[in-house]
file work21.cif (mmCIF, C-alpha atoms and all ligand atoms)
data_protein
#
loop_
_atom_site.label_atom_id
_atom_site.label_comp_id
_atom_site.auth_asym_id
_atom_site.auth_seq_id
_atom_site.Cartn_x
_atom_site.Cartn_y
_atom_site.Cartn_z
CA MET A 6 93.24 -103.67 -28.30
CA ARG A 7 95.67 -100.85 -27.67
CA SER A 8 99.06 -101.62 -29.24
CA PHE A 9 99.65 -102.91 -32.79
CA LEU A 10 103.35 -103.67 -33.45
CA PHE A 11 104.61 -103.86 -37.03
CA VAL A 12 107.11 -106.65 -37.65
CA PRO A 13 108.74 -107.26 -41.05
CA ALA A 14 107.61 -110.75 -42.08
CA ASP A 15 111.07 -111.79 -43.27
CA SER A 16 112.74 -111.39 -39.87
CA ARG A 17 112.37 -114.47 -37.71
CA LYS A 18 114.37 -112.70 -35.01
CA LYS A 19 112.00 -109.73 -34.86
CA LEU A 20 108.96 -112.00 -35.01
CA GLU A 21 110.23 -113.89 -31.95
CA ARG A 22 111.11 -110.69 -30.18
CA ALA A 23 107.68 -109.20 -30.94
CA MET A 24 106.03 -112.10 -29.11
CA THR A 25 107.50 -110.87 -25.82
CA SER A 26 106.95 -107.16 -26.51
CA GLY A 27 103.62 -106.98 -24.69
CA ALA A 28 101.84 -105.80 -27.85
CA ASP A 29 98.13 -106.60 -27.98
CA ALA A 30 98.45 -107.26 -31.72
CA LEU A 31 101.27 -107.92 -34.18
CA ILE A 32 101.08 -106.74 -37.77
CA ILE A 33 103.26 -109.09 -39.78
CA ASP A 34 104.29 -106.94 -42.71
CA LEU A 35 104.47 -108.10 -46.32
CA GLU A 36 104.19 -104.58 -47.73
CA ASP A 37 106.48 -101.57 -47.32
CA SER A 38 109.18 -103.17 -45.16
CA ILE A 39 109.73 -105.97 -47.70
CA ALA A 40 111.53 -105.35 -51.00
CA LEU A 41 109.90 -106.69 -54.15
CA ASP A 42 112.36 -109.53 -54.60
CA GLY A 43 111.85 -110.61 -51.00
CA LYS A 44 108.05 -110.94 -51.11
CA ALA A 45 107.96 -114.67 -51.82
CA ARG A 46 110.29 -115.53 -48.96
CA ALA A 47 108.44 -113.15 -46.61
CA ARG A 48 105.10 -114.84 -47.41
CA GLU A 49 106.56 -118.23 -46.50
CA SER A 50 108.05 -116.84 -43.31
CA ALA A 51 104.73 -115.20 -42.33
CA ALA A 52 102.77 -118.42 -42.91
CA ALA A 53 105.29 -120.50 -40.97
CA PHE A 54 105.22 -118.05 -38.07
CA LEU A 55 101.41 -118.03 -37.99
CA LYS A 56 101.24 -121.81 -38.00
CA SER A 57 103.72 -122.12 -35.15
CA THR A 58 102.16 -119.35 -33.08
CA LEU A 59 98.40 -119.73 -33.44
CA ALA A 60 98.27 -122.71 -31.12
CA ALA A 61 100.00 -120.88 -28.26
CA THR A 62 97.67 -120.46 -25.29
CA SER A 63 98.65 -116.87 -24.70
CA ARG A 64 99.41 -114.96 -27.87
CA PRO A 65 98.78 -111.54 -29.33
CA TYR A 66 96.17 -110.90 -32.00
CA LEU A 67 97.87 -111.71 -35.31
CA ALA A 68 97.30 -109.64 -38.43
CA VAL A 69 99.17 -109.73 -41.73
CA ARG A 70 99.64 -106.58 -43.77
CA VAL A 71 99.22 -107.69 -47.35
CA ASN A 72 100.15 -105.60 -50.38
CA GLY A 73 97.45 -103.22 -51.62
CA LEU A 74 94.81 -104.20 -54.14
CA GLN A 75 96.44 -101.91 -56.74
CA THR A 76 99.74 -103.81 -56.72
CA GLY A 77 98.75 -107.14 -58.25
CA LEU A 78 100.46 -108.85 -55.29
CA THR A 79 97.47 -109.29 -52.98
CA ASP A 80 96.33 -112.64 -54.36
CA ALA A 81 99.70 -114.29 -53.89
CA ASP A 82 99.89 -112.81 -50.37
CA LEU A 83 96.48 -114.23 -49.48
CA ASP A 84 97.20 -117.60 -51.09
CA ALA A 85 100.22 -117.90 -48.82
CA VAL A 86 98.83 -116.61 -45.53
CA ALA A 87 95.06 -117.24 -45.48
CA PRO A 88 95.43 -121.04 -45.01
CA ALA A 89 97.51 -120.25 -41.89
CA LYS A 90 94.44 -118.42 -40.54
CA PRO A 91 95.61 -115.04 -39.34
CA ASP A 92 93.09 -113.24 -37.13
CA ALA A 93 93.00 -110.41 -39.67
CA ILE A 94 94.63 -108.84 -42.66
CA MET A 95 95.62 -105.20 -42.73
CA LEU A 96 94.66 -103.65 -46.04
CA PRO A 97 96.99 -100.78 -47.02
CA LYS A 98 96.00 -98.07 -49.49
CA ALA A 99 92.34 -98.92 -49.00
CA GLU A 100 89.95 -96.63 -50.83
CA GLY A 101 86.71 -96.76 -48.89
CA GLY A 102 84.21 -99.53 -48.33
CA THR A 103 84.56 -100.83 -51.89
CA SER A 104 88.12 -101.95 -51.15
CA VAL A 105 86.90 -103.82 -48.10
CA VAL A 106 84.18 -105.56 -50.11
CA HIS A 107 86.80 -106.50 -52.70
CA ALA A 108 89.25 -107.87 -50.09
CA ALA A 109 86.40 -109.68 -48.30
CA ALA A 110 85.50 -111.52 -51.52
CA LYS A 111 89.11 -112.62 -51.92
CA LEU A 112 89.19 -113.83 -48.31
CA ALA A 113 85.89 -115.72 -48.67
CA VAL A 114 87.34 -117.77 -51.53
CA ARG A 115 90.47 -118.67 -49.53
CA GLU A 116 88.43 -119.51 -46.43
CA ALA A 117 86.27 -121.88 -48.47
CA LEU A 118 89.32 -123.53 -50.04
CA SER A 119 90.96 -123.97 -46.63
CA GLY A 120 87.82 -125.18 -44.84
CA LEU A 121 87.72 -122.11 -42.59
CA PRO A 122 84.42 -120.60 -41.47
CA ASP A 123 83.24 -117.80 -43.74
CA GLY A 124 84.16 -114.42 -42.29
CA SER A 125 86.73 -115.73 -39.84
CA ILE A 126 89.57 -113.52 -41.13
CA LYS A 127 88.87 -109.87 -40.31
CA ILE A 128 89.99 -106.71 -42.17
CA LEU A 129 91.78 -103.66 -40.80
CA PRO A 130 92.09 -101.02 -43.55
CA ILE A 131 94.56 -98.15 -43.64
CA ALA A 132 92.01 -95.61 -44.74
CA THR A 133 93.97 -92.51 -45.79
CA GLU A 134 97.05 -93.47 -47.79
CA THR A 135 95.93 -92.10 -51.15
CA ALA A 136 94.39 -88.77 -52.05
CA ALA A 137 91.26 -90.50 -53.39
CA ALA A 138 90.90 -92.43 -50.13
CA LEU A 139 90.38 -89.21 -48.17
CA PHE A 140 87.15 -88.60 -50.04
CA LEU A 141 85.93 -92.14 -49.27
CA ALA A 142 86.71 -92.30 -45.55
CA GLY A 143 83.00 -92.15 -44.73
CA THR A 144 82.05 -95.20 -46.79
CA PHE A 145 83.22 -98.07 -44.55
CA ALA A 146 79.95 -98.53 -42.64
CA SER A 147 78.27 -101.84 -43.54
CA ALA A 148 80.94 -102.70 -46.12
CA SER A 149 81.61 -106.01 -44.38
CA ALA A 150 81.17 -107.67 -40.99
CA ARG A 151 84.90 -108.38 -41.28
CA LEU A 152 85.76 -104.73 -40.58
CA ILE A 153 87.36 -104.60 -37.11
CA ALA A 154 88.83 -101.09 -36.98
CA LEU A 155 90.17 -98.26 -39.14
CA THR A 156 93.62 -96.80 -39.08
CA TRP A 157 95.36 -94.11 -41.07
CA GLY A 158 98.73 -93.39 -42.65
CA ALA A 159 100.67 -90.25 -43.48
CA GLU A 160 103.78 -91.57 -45.23
CA ASP A 161 102.28 -92.78 -48.49
CA LEU A 162 99.83 -89.88 -48.49
CA SER A 163 102.61 -87.31 -48.31
CA ALA A 164 104.41 -89.03 -51.20
CA GLU A 165 101.23 -88.92 -53.25
CA LEU A 166 100.57 -85.28 -52.41
CA GLY A 167 104.13 -84.38 -53.43
CA ALA A 168 104.84 -82.91 -50.01
CA GLN A 169 108.33 -82.34 -48.65
CA ALA A 170 107.32 -83.18 -45.09
CA ASN A 171 104.30 -84.35 -43.14
CA ARG A 172 105.33 -82.98 -39.74
CA ASP A 173 106.50 -79.55 -38.62
CA ALA A 174 109.81 -78.81 -36.86
CA GLN A 175 108.21 -79.77 -33.50
CA GLY A 176 107.14 -83.14 -34.87
CA ARG A 177 103.43 -82.30 -35.12
CA PHE A 178 101.47 -83.36 -38.18
CA LEU A 179 100.80 -80.67 -40.78
CA ASP A 180 97.30 -79.82 -41.98
CA PRO A 181 96.75 -82.41 -44.75
CA TYR A 182 97.65 -85.20 -42.29
CA ARG A 183 95.58 -83.74 -39.48
CA LEU A 184 92.69 -83.88 -41.93
CA ALA A 185 93.46 -87.53 -42.72
CA ARG A 186 93.64 -88.29 -38.99
CA ALA A 187 90.27 -86.62 -38.35
CA LEU A 188 88.70 -88.44 -41.30
CA CYS A 189 89.92 -91.75 -39.86
CA LEU A 190 88.31 -90.92 -36.51
CA ALA A 191 85.03 -89.87 -38.09
CA GLY A 192 85.02 -92.74 -40.59
CA ALA A 193 85.60 -95.27 -37.80
CA ALA A 194 82.88 -93.78 -35.61
CA ALA A 195 80.47 -93.75 -38.57
CA ALA A 196 81.25 -97.44 -39.15
CA SER A 197 80.99 -98.21 -35.39
CA VAL A 198 84.54 -99.60 -35.18
CA PRO A 199 87.55 -98.42 -33.15
CA ALA A 200 90.02 -95.94 -34.64
CA ILE A 201 93.72 -96.79 -34.35
CA ASP A 202 96.30 -94.01 -34.58
CA THR A 203 99.17 -94.10 -37.06
CA VAL A 204 102.88 -94.80 -36.51
CA TYR A 205 105.52 -92.47 -35.09
CA VAL A 206 108.64 -93.18 -37.09
CA ASP A 207 111.17 -91.38 -34.84
CA PHE A 208 111.37 -94.39 -32.52
CA ARG A 209 114.06 -92.97 -30.21
CA ASP A 210 111.95 -89.89 -29.37
CA GLU A 211 110.03 -91.10 -26.35
CA THR A 212 108.75 -87.64 -25.35
CA GLY A 213 107.26 -86.90 -28.75
CA PHE A 214 105.82 -90.39 -28.95
CA ARG A 215 104.13 -90.14 -25.56
CA ARG A 216 102.66 -86.75 -26.46
CA GLU A 217 101.22 -88.21 -29.66
CA CYS A 218 99.69 -91.13 -27.71
CA GLU A 219 98.10 -88.71 -25.23
CA ASP A 220 96.70 -86.55 -28.06
CA ALA A 221 95.26 -89.68 -29.67
CA VAL A 222 93.49 -90.84 -26.49
CA ARG A 223 92.10 -87.35 -25.94
CA ASP A 224 90.67 -87.26 -29.47
CA GLY A 225 89.02 -90.70 -29.36
CA PHE A 226 91.51 -93.21 -30.75
CA SER A 227 91.48 -96.49 -28.86
CA GLY A 228 94.95 -97.69 -29.85
CA LYS A 229 98.09 -96.89 -31.80
CA MET A 230 100.45 -98.67 -34.15
CA ALA A 231 104.11 -99.15 -33.17
CA ILE A 232 107.19 -99.81 -35.28
CA HIS A 233 109.57 -100.64 -32.42
CA PRO A 234 109.09 -102.74 -29.26
CA ALA A 235 110.13 -99.75 -27.09
CA GLN A 236 106.93 -97.95 -28.15
CA VAL A 237 104.63 -100.74 -26.94
CA PRO A 238 104.68 -100.17 -23.15
CA ILE A 239 104.01 -96.46 -23.68
CA ILE A 240 100.98 -97.22 -25.85
CA ASN A 241 99.67 -99.77 -23.36
CA GLU A 242 100.08 -97.36 -20.48
CA VAL A 243 98.55 -94.31 -22.14
CA PHE A 244 95.63 -96.17 -23.77
CA THR A 245 94.63 -98.00 -20.59
CA PRO A 246 92.06 -95.80 -18.82
CA ASN A 247 93.53 -94.75 -15.47
CA GLY A 248 91.82 -95.08 -12.08
CA GLU A 249 90.87 -91.43 -11.92
CA ALA A 250 89.21 -91.46 -15.35
CA LEU A 251 87.35 -94.67 -14.53
CA ALA A 252 86.14 -93.32 -11.17
CA HIS A 253 84.93 -90.14 -12.87
CA ALA A 254 83.09 -92.13 -15.55
CA GLN A 255 81.48 -94.27 -12.84
CA ALA A 256 80.38 -91.13 -10.98
CA ILE A 257 78.61 -89.88 -14.12
CA ILE A 258 76.89 -93.24 -14.63
CA ASP A 259 75.86 -93.38 -10.95
CA ALA A 260 74.46 -89.84 -11.05
CA PHE A 261 72.25 -90.68 -14.04
CA ALA A 262 71.20 -93.98 -12.41
CA LYS A 263 70.09 -92.07 -9.31
CA ASN A 264 68.08 -89.65 -11.44
CA PRO A 265 66.30 -91.85 -13.96
CA GLY A 266 64.75 -89.81 -16.70
CA ALA A 267 67.08 -86.86 -16.11
CA GLY A 268 68.66 -85.40 -19.23
CA VAL A 269 71.31 -83.58 -17.29
CA VAL A 270 73.07 -83.84 -13.89
CA GLY A 271 75.56 -81.73 -11.96
CA ILE A 272 78.66 -83.24 -10.35
CA GLY A 273 81.20 -81.06 -8.51
CA GLY A 274 79.85 -77.91 -10.11
CA VAL A 275 80.06 -79.22 -13.68
CA MET A 276 77.16 -80.08 -15.98
CA TYR A 277 76.94 -83.55 -17.56
CA ASP A 278 74.33 -84.46 -20.14
CA ARG A 279 73.56 -87.50 -22.29
CA PRO A 280 76.66 -87.37 -24.54
CA HIS A 281 78.80 -87.39 -21.37
CA LEU A 282 76.93 -90.47 -20.18
CA ALA A 283 77.57 -92.24 -23.51
CA ARG A 284 81.25 -91.34 -23.28
CA ALA A 285 81.49 -92.61 -19.69
CA GLU A 286 79.89 -95.90 -20.70
CA ARG A 287 82.34 -96.31 -23.57
CA LEU A 288 85.29 -95.67 -21.28
CA LEU A 289 84.16 -98.34 -18.82
CA GLU A 290 83.72 -100.78 -21.71
CA ARG A 291 87.36 -100.20 -22.68
CA LYS A 292 88.53 -101.23 -19.22
CA SER A 293 87.77 -104.89 -19.98
N1 LIG B 1 109.51 -105.94 -33.97
C1 LIG B 1 110.25 -106.80 -33.26
N2 LIG B 1 111.52 -106.59 -32.88
C2 LIG B 1 112.07 -105.42 -33.24
C3 LIG B 1 111.35 -104.45 -33.97
C4 LIG B 1 110.03 -104.75 -34.35
N3 LIG B 1 109.29 -103.88 -35.06
N4 LIG B 1 112.14 -103.39 -34.16
C5 LIG B 1 113.31 -103.65 -33.57
N5 LIG B 1 113.27 -104.89 -33.01
C6 LIG B 1 114.33 -105.56 -32.25
C7 LIG B 1 115.65 -105.54 -33.00
O1 LIG B 1 115.73 -106.67 -33.84
C8 LIG B 1 116.64 -105.56 -31.88
O2 LIG B 1 116.74 -106.89 -31.41
P1 LIG B 1 118.11 -107.44 -30.74
O3 LIG B 1 118.31 -106.62 -29.51
O4 LIG B 1 117.81 -108.87 -30.48
O5 LIG B 1 119.17 -107.21 -31.78
C9 LIG B 1 115.96 -104.76 -30.79
O6 LIG B 1 114.56 -104.78 -31.08
C10 LIG B 1 116.43 -103.34 -30.73
O7 LIG B 1 116.28 -102.75 -32.00
P2 LIG B 1 117.08 -101.43 -32.40
O8 LIG B 1 118.53 -101.73 -32.53
O9 LIG B 1 116.68 -100.36 -31.45
O10 LIG B 1 116.46 -101.05 -33.80
P3 LIG B 1 116.94 -101.63 -35.22
O11 LIG B 1 117.90 -100.65 -35.80
O12 LIG B 1 117.35 -103.05 -35.11
O13 LIG B 1 115.58 -101.60 -36.05
C11 LIG B 1 113.89 -100.73 -37.46
C12 LIG B 1 115.00 -100.39 -36.46
C13 LIG B 1 113.13 -99.48 -37.80
C14 LIG B 1 114.51 -101.34 -38.72
C15 LIG B 1 112.94 -101.76 -36.79
O14 LIG B 1 112.44 -101.19 -35.61
C16 LIG B 1 111.82 -102.29 -37.64
O15 LIG B 1 112.02 -103.19 -38.45
N6 LIG B 1 110.58 -101.77 -37.44
C17 LIG B 1 109.42 -102.21 -38.15
C18 LIG B 1 109.43 -101.69 -39.57
C19 LIG B 1 108.12 -101.96 -40.29
O16 LIG B 1 107.52 -103.00 -40.15
N7 LIG B 1 107.69 -100.96 -41.07
C20 LIG B 1 106.44 -101.04 -41.77
C21 LIG B 1 105.36 -100.29 -41.09
S1 LIG B 1 105.55 -98.54 -41.16
MG MG B 2 102.95 -97.55 -46.59
#

call {"tool": "encode", "arguments": {"input": "work21.cif", "output": "structure tokens", "more": "lines below"}}
Ligand code: COA
Ligand code: MG
result
Amino acid sequence: MRSFLFVPADSRKKLERAMTSGADALIIDLEDSIALDGKARARESAAAFLKSTLAATSRPYLAVRVNGLQTGLTDADLDAVAPAKPDAIMLPKAEGGTSVVHAAAKLAVREALSGLPDGSIKILPIATETAAALFLAGTFASASARLIALTWGAEDLSAELGAQANRDAQGRFLDPYRLARALCLAGAAAASVPAIDTVYVDFRDETGFRRECEDAVRDGFSGKMAIHPAQVPIINEVFTPNGEALAHAQAIIDAFAKNPGAGVVGIGGVMYDRPHLARAERLLERKS
């Protein structure tokens, strides 16, 4: 999955529009885009949308962003949406594997009550939204088979750090957020799940957005979150491996296949060893 589009759960119009956005996944939001007094209505709207959409033959992956475990709102969120069987929940302000274990236990209870198979609802944590979470980014491995990916966030983190900004004048993330981004990548790799890049809030800045997508692909992210439908086609384009990259990966795989037992091969005057082979294989896996 490449593109994950946030949609406020209380907007039927945006939910409908999101269905035709081309996003691989929708994140139906009950958290930051919903004011406290609108949570109850948003939960109902999310559940109704899930029920009406799950049966569709062609539909995006459907995740619901619940409120964080620290808020006291998570149980009511799950009571409302788990019976409607979302593919996953996004867990904001996660603090390491313990949060995932905690959320998994809550999901297991709802699945049992709704007659759903145990483990059917997956978990996608936002792994870097609190200062404490940064120190726990390496603890997601084996927390739960429900873990499908890791993503990261800079907005709540900057509020917690007391920062005045999280990007420089050119729109590039400042050091504390580059650290959070790198910890997400490493934490995801350590847990053997994909890493998904964070949102770009300046949704009219297509140039800056594209650059951030390209940087994310280069560094190993396999997808990115969007806040506006206009961002979706750019994500899908940039995160789909292009013909040239695929042909190059295939050439590396072919060269090793022709030289079984070789630890290193040369192609076009450049050395490729085992880590390059692993990377080429991963790229070809992403094609499908
Ligand atoms: N999902 C689905 N549809 C969306 C959308 C989204 N995330 N964002 C905008 N749209 C729709 C608008 O409703 C509008 O539809 P219309 O043409 O039928 O009126 C169209 O796309 C164009 O929107 P635009 O006028 O460019 O933006 P806006 O001012 O209406 O909305 C935001 C701007 C930021 C409020 C909106 O993009 C949004 O709600 N984003 C998601 C916010 C969120 O979930 N945040 C939490 C995660 S950080
Ligand atoms: Mg937030």

call {"tool": "residues_around", "arguments": {"input": "work21.cif", "residues": "A:Gly102", "least_positions_apart": "2", "cutoff": "12 Å", "atoms": "only C-alpha atoms", "output": "number ranges by chain"}}
result
A: 96, 98-100, 104-109, 128-132, 138, 140-152, 155, 192-193, 195-196

call {"tool": "atom_distance", "arguments": {"input": "work21.cif", "atom1": "atom CA of A:Gly167", "atom2": "atom N6 of ligand LIG 1 (chain B)"}}
result
24.5 Å

call {"tool": "residues_near_ligand", "arguments": {"input": "work21.cif", "ligand": "ligand LIG 1 (chain B)", "cutoff": "6 Å", "atoms": "all atoms listed in the file", "output": "ChimeraX atom specification"}}
result
/A:11-13,19-20,22-23,34,37-38,232-234

call {"tool": "residues_near_ligand", "arguments": {"input": "work21.cif", "ligand": "ligand MG 2 (chain B)", "cutoff": "8 Å", "atoms": "all atoms listed in the file", "output": "ChimeraX atom specification"}}
result
/A:36-37,97-98,134,158,160-161

call {"tool": "residues_near_point", "arguments": {"input": "work21.cif", "point": "(93.6, -106.5, -38.5)", "cutoff": "7 Å", "atoms": "all atoms listed in the file", "output": "VMD selection string"}}
result
chain A and resid 68 92 to 95 127 to 129 153

call {"tool": "write_last_selection", "arguments": {"input": "work21.cif", "atoms": "C-alpha atoms", "output": "PDB file, keeping the file's coordinate frame"}}
result
ATOM      1  CA  ALA A  68      97.300-109.640 -38.430  1.00  0.00           C
ATOM      2  CA  ASP A  92      93.090-113.240 -37.130  1.00  0.00           C
ATOM      3  CA  ALA A  93      93.000-110.410 -39.670  1.00  0.00           C
ATOM      4  CA  ILE A  94      94.630-108.840 -42.660  1.00  0.00           C
ATOM      5  CA  MET A  95      95.620-105.200 -42.730  1.00  0.00           C
ATOM      6  CA  LYS A 127      88.870-109.870 -40.310  1.00  0.00           C
ATOM      7  CA  ILE A 128      89.990-106.710 -42.170  1.00  0.00           C
ATOM      8  CA  LEU A 129      91.780-103.660 -40.800  1.00  0.00           C
ATOM      9  CA  ILE A 153      87.360-104.600 -37.110  1.00  0.00           C
TER      10      ILE A 153
END

call {"tool": "atom_distance", "arguments": {"input": "work21.cif", "atom1": "atom CA of A:Lys111", "atom2": "atom CA of A:Thr79"}}
result
9.1 Å

call {"tool": "atom_distance", "arguments": {"input": "work21.cif", "atom1": "atom CA of A:Arg172", "atom2": "atom CA of A:Ile239"}}
result
21.0 Å

call {"tool": "residues_around", "arguments": {"input": "work21.cif", "residues": "A:Leu67", "least_positions_apart": "5", "cutoff": "8 Å", "atoms": "all atoms listed in the file", "output": "list in words"}}
result
Ala30, Leu31, Ile32, Ile33, Leu55, Pro91, Asp92 and Ala93 of chain A

call {"tool": "closest_residue", "arguments": {"input": "work21.cif", "among": "A:Ala60, A:Leu166, A:Ala45, A:Met230", "to": "A:Arg7", "atoms": "all atoms listed in the file"}}
result
A:Met230

call {"tool": "residues_around", "arguments": {"input": "work21.cif", "residues": "A:Arg284", "least_positions_apart": "5", "cutoff": "10 Å", "atoms": "only C-alpha atoms", "output": "JSON, numbers by chain"}}
result
{"A": [225, 254, 257, 258, 279, 289, 290]}

call {"tool": "residues_around", "arguments": {"input": "work21.cif", "residues": "A:Glu286", "least_positions_apart": "5", "cutoff": "12 Å", "atoms": "all atoms listed in the file", "output": "ChimeraX atom specification"}}
result
/A:250-259,261,279-281,291-293

call {"tool": "closest_residue", "arguments": {"input": "work21.cif", "among": "A:Leu188, A:Ser26, A:Gln169, A:Ala51", "to": "A:Leu139", "atoms": "all atoms listed in the file"}}
result
A:Leu188

call {"tool": "residues_around", "arguments": {"input": "work21.cif", "residues": "A:Gly176", "least_positions_apart": "4", "cutoff": "10 Å", "atoms": "all atoms listed in the file", "output": "list in words"}}
result
Asn171, Arg172, Tyr205, Asp207, Asp210, Gly213, Phe214 and Glu217 of chain A

call {"tool": "closest_residue", "arguments": {"input": "work21.cif", "among": "A:Ala235, A:Leu282, A:Leu35, A:Leu179", "to": "A:Val71", "atoms": "all atoms listed in the file"}}
result
A:Leu35

call {"tool": "closest_residue", "arguments": {"input": "work21.cif", "among": "A:Leu10, A:Ala52, A:Ala81, A:Ala117", "to": "A:Tyr66", "atoms": "all atoms listed in the file"}}
result
A:Leu10

call {"tool": "closest_residue", "arguments": {"input": "work21.cif", "among": "A:Leu78, A:Met6, A:Ala260, A:Met24", "to": "A:Phe244", "atoms": "all atoms listed in the file"}}
result
A:Met6

call {"tool": "closest_residue", "arguments": {"input": "work21.cif", "among": "A:Ala283, A:Ala89, A:Leu162, A:Leu121", "to": "A:Ala53", "atoms": "all atoms listed in the file"}}
result
A:Ala89
